[in-house]
Amino acid sequence: MRVFVGFDVDPLAHTLAKPRVEAAAKETRREGDAPFRFAPVAANFREMRRVLSEMGSSSGSSSATEASADVLFGNVDGILMDLGVSSMHLDLPERGFSFNDDGPLDMRMGPSAPLSAFDVVNDWPEDQLGKILREYGEEKHWRLLARRICESRIEAPITTTHELVKALGRVPGVKGGRSGGVHPATRTFQAIRIAANDELRAVEEAVPAAIDALAPGGRLAIITFHSLEDKIVKTAFREAAGQLNAQPDRPFSAWERQPPPPEKRVRLVTRKPIVADAEEVKRNVRARSAKLRVCEKLPPPC
């Protein structure tokens, strides 16, 4: 049994993906291939280790057909992780991800998530807002914008995307409504979205789990869309490839026996990220910031 396990916290994503995945499997099926099954999982990919392990352990009580379809943790042939917000989210004003259309200040990847952008904007203290604008949005005017948000919400809660844009106001040094070709609200919206969905910690947890889930020769491909995600993926790949030592619990002097070199568990298929060429960006402008990194699981040492 060939199995495609699809992780997403959004039920709409599963509805859209199921017919596409099944059609692609049918088109690429070769004679002699095993039957195909699509297994949607309503969870964040940070739960990959638990979910795949449970799918494997369930084989003992499943029927023979179902057991052959179970994905055992450590035997996955390939994993693709497409990080961040999707075009579907950006194109639906009611999800509140984009400032181009007015909508509720939501930004949750899935409707069952406990924290929304409204909670972050209206409940978090000014210093915490400033911190995420600086760290997640890489916004140089983070102090000013955090203060403006807090001043605006005193009068009334900020409930929509356009109300948040209005609260941010004009940014110093921005001409023609854009800074470096980027709308001044872009970095703030990115920071709030990342914080509400805990995106970076999810990536930090998911990448090592994905490497562990692979069978020898299996490949992990990850598409990132901003520098914070890409840095996490790059570091995790280099550590797994034995190119970076994990930080020790304490410093070691030159006179002590040094920690052993890191285990080389993967081979870097892409030394540098693959990016969209001009033709692809012309067809899909949202691909301009995408970076693809790929690694391959090595067999365990003899």
# chains A, B, ... in the order shown; residues from 1 in each chain; ligands from 1
call {"tool": "select_by_dssp", "arguments": {"residues": "range 55-290 of chain A", "states": "alpha helix (DSSP H)", "output": "ChimeraX atom specification"}}
result
/A:55-57,64-69,87-91,117-123,126-135,142-155,161-168,186-197,199-213,227-240,278-283
call {"tool": "residues_around", "arguments": {"residues": "Phe237 in chain A", "least_positions_apart": "5", "cutoff": "10 Å", "atoms": "only C-alpha atoms", "output": "PyMOL selection string"}}
result
chain A and resi 207-208+211+220+231-232+242-244+265-268+293-296
call {"tool": "closest_atom_pairs", "arguments": {"of": "range 36-134 of chain A", "to": "range 276-292 of chain A", "cutoff": "10 Å", "atoms": "only C-alpha atoms", "output": "Markdown table"}}
result
| residue | atom | partner | partner_atom | distance |
| --- | --- | --- | --- | --- |
| A:Leu80 | CA | A:Leu292 | CA | 10.0 |
| A:Met81 | CA | A:Leu292 | CA | 9.7 |
| A:Asp82 | CA | A:Leu292 | CA | 9.2 |
| A:Leu83 | CA | A:Ala290 | CA | 9.7 |
| A:Ser86 | CA | A:Arg286 | CA | 9.9 |
| A:Ser87 | CA | A:Arg286 | CA | 8.3 |
call {"tool": "residues_around", "arguments": {"residues": "Asp127 in chain A", "least_positions_apart": "3", "cutoff": "9 Å", "atoms": "only C-alpha atoms", "output": "JSON, numbers by chain"}}
result
{"A": [124, 130, 131, 132, 143, 146, 147]}
call {"tool": "write_last_selection", "arguments": {"atoms": "N, CA and C atoms", "output": "short mmCIF file (atom, residue, chain, number, x, y, z; two decimals), in the first residue's frame"}}
result
data_model
loop_
_atom_site.label_atom_id
_atom_site.label_comp_id
_atom_site.auth_asym_id
_atom_site.auth_seq_id
_atom_site.Cartn_x
_atom_site.Cartn_y
_atom_site.Cartn_z
N TRP A 124 -1.91 41.52 24.44
CA TRP A 124 -0.49 41.44 24.80
C TRP A 124 0.04 42.80 25.21
N GLY A 130 6.19 44.76 20.97
CA GLY A 130 7.41 45.29 20.37
C GLY A 130 8.43 44.19 20.08
N LYS A 131 8.51 43.22 20.99
CA LYS A 131 9.48 42.13 20.81
C LYS A 131 9.16 41.30 19.57
N ILE A 132 7.89 40.96 19.35
CA ILE A 132 7.57 40.15 18.17
C ILE A 132 7.69 40.95 16.89
N ARG A 143 9.26 49.88 18.10
CA ARG A 143 8.81 50.60 19.29
C ARG A 143 7.62 51.50 18.96
N ALA A 146 4.39 49.38 18.05
CA ALA A 146 3.81 48.75 19.23
C ALA A 146 3.08 49.78 20.08
N ARG A 147 3.67 50.97 20.22
CA ARG A 147 3.03 52.02 21.00
C ARG A 147 1.72 52.47 20.34
#
call {"tool": "residues_around", "arguments": {"residues": "Phe4 in chain A", "least_positions_apart": "6", "cutoff": "10 Å", "atoms": "only C-alpha atoms", "output": "ChimeraX atom specification"}}
result
/A:21-22,25,36-40,69,71,76,78-79
